[in-house]
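First the structure, in the form of structure tokens, and then the observations on it.
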Amino acid sequence: MRGYKLGWLRADVLAGVSLAAVAIPEAMGYSSIAQVPLGAGLYSLILPAIVFALVGASRLMVVGADSATAALLASGIAGLGVAGLAPSTSQWLAWAGLIALITGAMLLVAWVLRLGFLGDFLSTAVLTGFLAGVGVLVVTEQVPGLLGIEHAHGTHVWGKWAYVFTHLGDVRWEATAFGGVTVAGLFLVKRLRPQLPMPILVVVGAIVAVMVFDLSSVPTIGPVDSGLPTISFPAMDQILSKTPELLTVPFGCLLVILAQSAATARSFAQRHGDRVDVNRDILGLAAANVSAAVSGTFVVNGSPTKTAVLDQQRGRSQIANVAMAVATIVVVAFASPALAHLPEAVLAGVVFVVGLELIHVGAFVSIWRIRRVEFAIAIITTGMVVGFGVLTGIVAAMVLSLLQMIHRQYRPERFVVGLSPEGEREYEAAKPGQQTLPGLIVFRYDADLFYANVGRFSDDVTALVKGAPDPVVWLVLDCSAMSDVDYSATRSLQSLIGFVHSVGARFVLAGVSPELRESLETARIMTTISADHVFPGVGTAIRAFRSEPSRSGSEPDAK
């Protein structure tokens, strides 16, 4: 609230009310994804939003129920294997509340340890694939509701589609009409008039139609919880018996929250020139999830879609989110009886559209064009989520991200720096037979040296020296992409320097950072390299090589 201007208040309140018109139907849809009572989704927009507004750092980020964490929650609770536990019951919600409490505790630990950087370990490609997989699961779950047929509980995604196709004779066309109008209306308005709060218009219109025309044949969602929420947690003996399985679910939620919330807060803060404080936002999310656990709802997350709506409505601060919470309180207190008349197909249509929007086809196309390896990773992540569930998918996503990072360090780009006739640098893939100038090889290695890649590094340098067209006089290592070497790398580097010296060449360093120099000095490597063979950059090193009395002046100057 620092620097808040009174003139913003009206815009914030209007933006918050407009946001509520979109967020309330979506939150009920997320309840459907999480398989908790529908009222729990509405509660996610009240106390958690207010608590984050008081504690978090982001001026705009909207906190509430989210499709990815809701899907993760549903699959995780189902995977616990608790006897007699059924979706959309108070017992199911009790486990959801416990998971929110544990997630909040984990976020608190992440804040204390300043672990906001963990969200960076999920690459954009992995997140794209993960969300697409969640989208496929969400869409699959809503198709029966759109058609007015029973759900095939407990089967795999392929089984659910097979169930739909084998029960097309049971389709209730009046429900399908409501679902079709909902989906078509949401897509058309988003394309033609995105500023209209179409979700609430569809919901209100459907409720009015059912009540006015007495459409008793249309399946509706039934009574929605109102008033103060009921707070309960599972029995302690159940918790202790399921502790190992239980902890994996909030850990998955933690990873999704860290990655998605950090990206959301950063993108909108940068857009408006605001300060970014990811760790303070983690504290706000920890408090929001604890408040969710004690207010009858489930895991909450920073929502990029709702934050985008708030930004479009010209919201300026968290006052807008408080206004959204107040509007939701009014709905819970006074509109719950009317919500009971909402057709199931309309709610399924809202969630169906949310699921489709998680499948960013354009992002896949962009990844394909820029980097095929990351496209494959995105596809694999999607397949893992669809084939093995959300929880397995998020673990696989993190493993893939780590493997991708390790692969880049293990097999980084390696170049021999050449010179054009005009003296411009040219970077060519390092292969035996290449040299920068007769007697000079400038080798660039785009990674830190550590135990896993130093062997390949030494092999590359040895092959270049042995395969050079002219006897090597200087071997210049371009260190501008290096910042550190570990113990194993220093031992191998000592041996490599000895080899270069044994063939009558000099081992030269260029572009050494202060951090790298400190590591090399600690390992006593700098004692094996002459002080006048350490240069601030490659250009300086090449000019020094050419200026030696034995060199001719015919080579082009390095720029």
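Residue numbering restarts at 1 for every chain of the structure tokens, chains are lettered A, B, ... in their displayed order, and ligands are numbered from 1 as they appear.
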
Within 12 Å of Asp459 (chain A), counting only C-alpha atoms, which residues qualify if same-chain residues fewer than 3 places away don't, as a VMD selection string? chain A and resid 414 430 to 432 453 to 456 462 to 467 492 to 493 495 to 496 499

Which residues, written as a compact mmCIF listing (two decimals) with N, CA and C atoms, in the first residue's frame, have at least one atom at most 6 Å from Phe443 (chain A), with only C-alpha atoms counted and residues fewer than 3 positions away on the same chain left out?
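Writing the result to selection14.txt gives the following:
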```txt
# COMPACT_ATOMS: atom_id res chain seq x y z
N PHE A 415 33.68 -23.95 -29.22
CA PHE A 415 34.05 -23.25 -30.45
C PHE A 415 35.56 -23.05 -30.53
N VAL A 416 36.02 -22.98 -31.77
CA VAL A 416 37.33 -22.39 -32.06
C VAL A 416 37.06 -21.02 -32.64
N LEU A 477 42.54 -20.26 -23.86
CA LEU A 477 41.23 -20.69 -23.37
C LEU A 477 40.38 -19.45 -23.09
N ASP A 478 39.30 -19.29 -23.87
CA ASP A 478 38.36 -18.19 -23.65
C ASP A 478 37.48 -18.55 -22.46
```

Within 9 Å of region 342-351 of chain A, counting only C-alpha atoms, which residues qualify if same-chain residues fewer than 4 places away don't, as number ranges by chain? A: 25-26, 28-30, 32-33, 67, 138-139, 141-148, 175-183, 186, 199, 202-204, 206-208, 210, 218-222, 338, 355-356

For Gly129 (chain A), work out the shell of residues within 9 Å, counting only C-alpha atoms and skipping chain neighbours fewer than 3 positions away, then give it as a PyMOL selection string. chain A and resi 124-126+132-134+359-360+364+375+377-383+385+397

Output N, CA, C and O atoms for every residue in that selection, as a PDB file, in the first residue's frame.
```pdb
ATOM      1  N   THR A 124      10.240 -23.260 -19.153  1.00  0.00           N
ATOM      2  CA  THR A 124       9.003 -22.893 -19.850  1.00  0.00           C
ATOM      3  C   THR A 124       8.467 -24.071 -20.656  1.00  0.00           C
ATOM      4  O   THR A 124       7.255 -24.303 -20.709  1.00  0.00           O
ATOM      5  N   ALA A 125       9.363 -24.828 -21.286  1.00  0.00           N
ATOM      6  CA  ALA A 125       8.918 -25.980 -22.070  1.00  0.00           C
ATOM      7  C   ALA A 125       8.247 -27.019 -21.179  1.00  0.00           C
ATOM      8  O   ALA A 125       7.201 -27.584 -21.529  1.00  0.00           O
ATOM      9  N   VAL A 126       8.830 -27.280 -20.029  1.00  0.00           N
ATOM     10  CA  VAL A 126       8.263 -28.255 -19.111  1.00  0.00           C
ATOM     11  C   VAL A 126       6.918 -27.778 -18.578  1.00  0.00           C
ATOM     12  O   VAL A 126       5.951 -28.540 -18.503  1.00  0.00           O
ATOM     13  N   ALA A 132      -0.449 -28.419 -20.366  1.00  0.00           N
ATOM     14  CA  ALA A 132      -1.214 -29.060 -21.438  1.00  0.00           C
ATOM     15  C   ALA A 132      -1.746 -30.411 -20.988  1.00  0.00           C
ATOM     16  O   ALA A 132      -2.895 -30.770 -21.281  1.00  0.00           O
ATOM     17  N   GLY A 133      -0.925 -31.171 -20.266  1.00  0.00           N
ATOM     18  CA  GLY A 133      -1.383 -32.452 -19.743  1.00  0.00           C
ATOM     19  C   GLY A 133      -2.533 -32.279 -18.774  1.00  0.00           C
ATOM     20  O   GLY A 133      -3.522 -33.036 -18.815  1.00  0.00           O
ATOM     21  N   VAL A 134      -2.420 -31.277 -17.895  1.00  0.00           N
ATOM     22  CA  VAL A 134      -3.517 -30.973 -16.973  1.00  0.00           C
ATOM     23  C   VAL A 134      -4.766 -30.586 -17.765  1.00  0.00           C
ATOM     24  O   VAL A 134      -5.887 -30.997 -17.436  1.00  0.00           O
ATOM     25  N   ILE A 359      -4.053 -25.691 -22.795  1.00  0.00           N
ATOM     26  CA  ILE A 359      -3.305 -26.320 -23.893  1.00  0.00           C
ATOM     27  C   ILE A 359      -2.892 -25.218 -24.868  1.00  0.00           C
ATOM     28  O   ILE A 359      -3.646 -24.854 -25.774  1.00  0.00           O
ATOM     29  N   HIS A 360      -1.705 -24.680 -24.683  1.00  0.00           N
ATOM     30  CA  HIS A 360      -1.238 -23.547 -25.489  1.00  0.00           C
ATOM     31  C   HIS A 360      -0.563 -24.074 -26.761  1.00  0.00           C
ATOM     32  O   HIS A 360       0.657 -24.302 -26.783  1.00  0.00           O
ATOM     33  N   PHE A 364       3.578 -24.487 -28.068  1.00  0.00           N
ATOM     34  CA  PHE A 364       4.232 -25.682 -28.613  1.00  0.00           C
ATOM     35  C   PHE A 364       4.857 -25.378 -29.970  1.00  0.00           C
ATOM     36  O   PHE A 364       5.982 -25.817 -30.258  1.00  0.00           O
ATOM     37  N   PHE A 375      11.003 -29.014 -27.348  1.00  0.00           N
ATOM     38  CA  PHE A 375       9.668 -29.434 -27.799  1.00  0.00           C
ATOM     39  C   PHE A 375       9.420 -30.887 -27.407  1.00  0.00           C
ATOM     40  O   PHE A 375       8.333 -31.238 -26.918  1.00  0.00           O
ATOM     41  N   ILE A 377      10.761 -32.446 -24.930  1.00  0.00           N
ATOM     42  CA  ILE A 377      10.593 -32.466 -23.477  1.00  0.00           C
ATOM     43  C   ILE A 377       9.164 -32.061 -23.108  1.00  0.00           C
ATOM     44  O   ILE A 377       8.540 -32.660 -22.218  1.00  0.00           O
ATOM     45  N   ALA A 378       8.631 -31.024 -23.779  1.00  0.00           N
ATOM     46  CA  ALA A 378       7.259 -30.580 -23.518  1.00  0.00           C
ATOM     47  C   ALA A 378       6.261 -31.690 -23.830  1.00  0.00           C
ATOM     48  O   ALA A 378       5.319 -31.948 -23.061  1.00  0.00           O
ATOM     49  N   ILE A 379       6.459 -32.381 -24.955  1.00  0.00           N
ATOM     50  CA  ILE A 379       5.556 -33.474 -25.341  1.00  0.00           C
ATOM     51  C   ILE A 379       5.651 -34.626 -24.346  1.00  0.00           C
ATOM     52  O   ILE A 379       4.635 -35.216 -23.936  1.00  0.00           O
ATOM     53  N   ILE A 380       6.873 -34.970 -23.932  1.00  0.00           N
ATOM     54  CA  ILE A 380       7.055 -36.057 -22.967  1.00  0.00           C
ATOM     55  C   ILE A 380       6.366 -35.713 -21.650  1.00  0.00           C
ATOM     56  O   ILE A 380       5.711 -36.561 -21.026  1.00  0.00           O
ATOM     57  N   THR A 381       6.512 -34.457 -21.212  1.00  0.00           N
ATOM     58  CA  THR A 381       5.876 -34.028 -19.965  1.00  0.00           C
ATOM     59  C   THR A 381       4.356 -34.148 -20.077  1.00  0.00           C
ATOM     60  O   THR A 381       3.689 -34.635 -19.148  1.00  0.00           O
ATOM     61  N   THR A 382       3.803 -33.714 -21.206  1.00  0.00           N
ATOM     62  CA  THR A 382       2.359 -33.848 -21.420  1.00  0.00           C
ATOM     63  C   THR A 382       1.934 -35.312 -21.342  1.00  0.00           C
ATOM     64  O   THR A 382       0.949 -35.660 -20.685  1.00  0.00           O
ATOM     65  N   GLY A 383       2.690 -36.168 -22.011  1.00  0.00           N
ATOM     66  CA  GLY A 383       2.367 -37.591 -21.990  1.00  0.00           C
ATOM     67  C   GLY A 383       2.461 -38.195 -20.599  1.00  0.00           C
ATOM     68  O   GLY A 383       1.641 -39.047 -20.229  1.00  0.00           O
ATOM     69  N   VAL A 385       1.923 -36.624 -17.732  1.00  0.00           N
ATOM     70  CA  VAL A 385       0.768 -36.165 -16.954  1.00  0.00           C
ATOM     71  C   VAL A 385      -0.486 -36.927 -17.359  1.00  0.00           C
ATOM     72  O   VAL A 385      -1.246 -37.404 -16.511  1.00  0.00           O
ATOM     73  N   ALA A 397       8.364 -33.740 -14.590  1.00  0.00           N
ATOM     74  CA  ALA A 397       8.684 -32.434 -15.158  1.00  0.00           C
ATOM     75  C   ALA A 397       9.935 -31.855 -14.513  1.00  0.00           C
ATOM     76  O   ALA A 397      10.821 -31.322 -15.194  1.00  0.00           O
TER      77      ALA A 397
END
```

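Among A:Pro244, A:Pro194, A:Gly302, A:Gly84, the residue with the shortest atom-to-atom distance to Ser44 (chain A), counting only C-alpha atoms, is A:Gly302.
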
So which residues touch region 275-292 of chain A within 6 Å, counting only C-alpha atoms, skipping near sequence neighbours fewer than 4 positions away, as a PyMOL selection string? chain A and resi 48+51-52+55-57+100-101+104+107-108+111+116+297-300

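Rounded to one decimal, CA of Ser336 (chain A) and CA of Val224 (chain A) lie 5.7 Å from each other.
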
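Shortest atom-to-atom contact with Gln260 (chain A) among A:Leu437, A:Leu131, A:Val386, A:Ala74: A:Leu131, counting only C-alpha atoms.
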